[in-house]
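Trainee: Let me begin by handing over the structure; questions about it come next.
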Amino acid sequence: MTEHATTGFWDGLRPLLAGRTFTDLTHAFHPGQPRFAAFPNETREAVFDLEKGDGFTAHRYSIVGQWGTHVDPPSHFIRGGRTLDQIPVEDMVLPLVVLDITERVKADADATPTMEDLQSWESRNGIVPTGCFVALRTGWSERWPDAEAMANRDSGGVSHTPGWSQEVLTFLLEQRSIAAVGHEQTDTDPGLATSRKDFSLETYVLEQNRWQIELLANLGDLPEKGAALVATWPKPLHGSGFPARVFAIH
């Protein structure tokens, strides 16, 4: 009975997927990649290695949870917040909205989205749907994996990177009831804020019991509406973050 039900569902799903584009939104992680400055680098060891005569290859990876394209659950910043294993799998497949500020970022690396950006999106596409994933497109992922280009620090050590704005996040989370957000940069907050150790926007998102994906790739290949986002990650008990595999279907 179970096999028949599964086959029946696939028969209905297959024509919906036929001819669709699958866009990988994930950077392949590796030692030496861009990361939060306080995090240690990745180390990787071949515990067994076919090239050395072993019967199989198996690696040991040593990474922080927030490594490469990764998911941040509420517990990353909020004591008592939901951990990775508490986010249900049905929340990992969501309608996708892409909010694009790439042109303004080209002129001003410190740019953040405004309510005018959001109102313009809704004037073209309708109301941002409840329960969706909103990705902020900035073009910043094109700098990957150059750590200096990603951080974009001036001579005084201040980072100039785009990020979210409080007004747009507040509207999306409290007025449009979106499920999650994502972005191409290392942080939710713009570089001018993180250079002051100000992570108030990330704190705000996670304290609303939402989750986020950082360091997304290939957002420029997506339509601004109409795609579906699939975000998956391992299930560490009480996990506070982990590399994610994220893709869009459109």
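Residue numbering restarts at 1 for every chain of the structure tokens, chains are lettered A, B, ... in their displayed order, and ligands are numbered from 1 as they appear.
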Compile the contact shell of Gln86 of chain A as a VMD selection string: residues with an atom at most 10 Å away, counting only C-alpha atoms, same-chain residues fewer than 4 positions apart removed.
Mentor: chain A and resid 73 81 to 82 235 to 239
Trainee: Glu202 of chain A: which residues within 12 Å, counting only C-alpha atoms, same-chain residues fewer than 4 positions away excluded, as a PyMOL selection string?
Mentor: chain A and resi 72-78+163-166+169-170+180-183+186-190+193-194+197-198+206-214
Trainee: Give the strand (DSSP E or B) residues of segment 28-91 of chain A, as DSSP finds them on the backbone, and put them as a list of chain:residue names.
Mentor: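 Across segment 28-91 of chain A, those assigned strand (DSSP E or B) are A:Thr43, A:Arg44, A:Glu45, A:Ala46, A:Val47, A:Phe48, A:Ala58, A:His59, A:Arg60, A:Tyr61, A:Ser62, A:His70, A:Val71, A:Asp72.
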Trainee: Given only C-alpha atoms, how would the per-residue table for segment 70-105 of chain A near segment 229-234 of chain A read, listing every residue at most 6 Å away with its closest atom pair and distance in Å to one decimal, sorted by chain and number, as a tab-separated table?
Mentor:
residue	atom	partner	partner_atom	distance
A:Met92	CA	A:Ala231	CA	5.1
A:Val93	CA	A:Val230	CA	4.6
A:Leu94	CA	A:Leu229	CA	5.2
A:Leu96	CA	A:Leu229	CA	5.5
Trainee: Write out as a PyMOL selection string all residues of segment 65-237 of chain A that DSSP puts in helix (DSSP H, G or I) for this structure's backbone.
Mentor: chain A and resi 74-76+84-86+89-92+102-107+115-125+140-143+147-151+166-175+191-194+200-207+219-221
Trainee: As an exercise, work out the distance from atom CA of His160 of chain A to atom CA of Leu172 of chain A in Å and give it to one decimal place.
Mentor: 24.4 Å
Trainee: What lies within 9 Å of Gly65 of chain A using only C-alpha atoms, ignoring chain neighbours under 5 positions off, as a PyMOL selection string?
Mentor: chain A and resi 70-72+239-243
Trainee: What gap, in Å, lies between atom CA of Thr43 of chain A and atom CA of Phe29 of chain A?
Mentor: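 The value is 11.3 Å.
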Trainee: To one decimal place, how far is atom CA of Phe39 of chain A from atom CA of Ala248 of chain A in Å?
Mentor: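 Atom-to-atom, atom CA of Phe39 of chain A to atom CA of Ala248 of chain A, that is 28.7 Å.
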Trainee: Check the smallest atom-to-atom distance from each of A:Gly220, A:Gly12, A:Pro31, A:Gly191 to Ala111 of chain A using only C-alpha atoms, then report the winner.
Mentor: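 Ranked by minimum distance to Ala111 of chain A, first place goes to A:Gly191.
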Trainee: I want to know what sits within 9 Å of Ser62 of chain A, based on only C-alpha atoms, with residues of the same chain fewer than 4 positions away left out; could you give that as a list in words?
Mentor: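 Returned residues: Asn41, Glu42, Thr43, Arg44 and Glu45 of chain A.
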Trainee: So that I can see what lies close to segment 15-23 of chain A, please list as a count of residues only the residues with an atom at most 10 Å from it, counting only C-alpha atoms and leaving out residues fewer than 6 positions away in the same chain.
Mentor: 13
Trainee: So, counting only C-alpha atoms, which residue among A:Val158, A:Phe171, A:Gly53, A:Ala58 is closest to Pro113 of chain A?
Mentor: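 The shortest atom-to-atom distance to Pro113 of chain A comes from A:Phe171.
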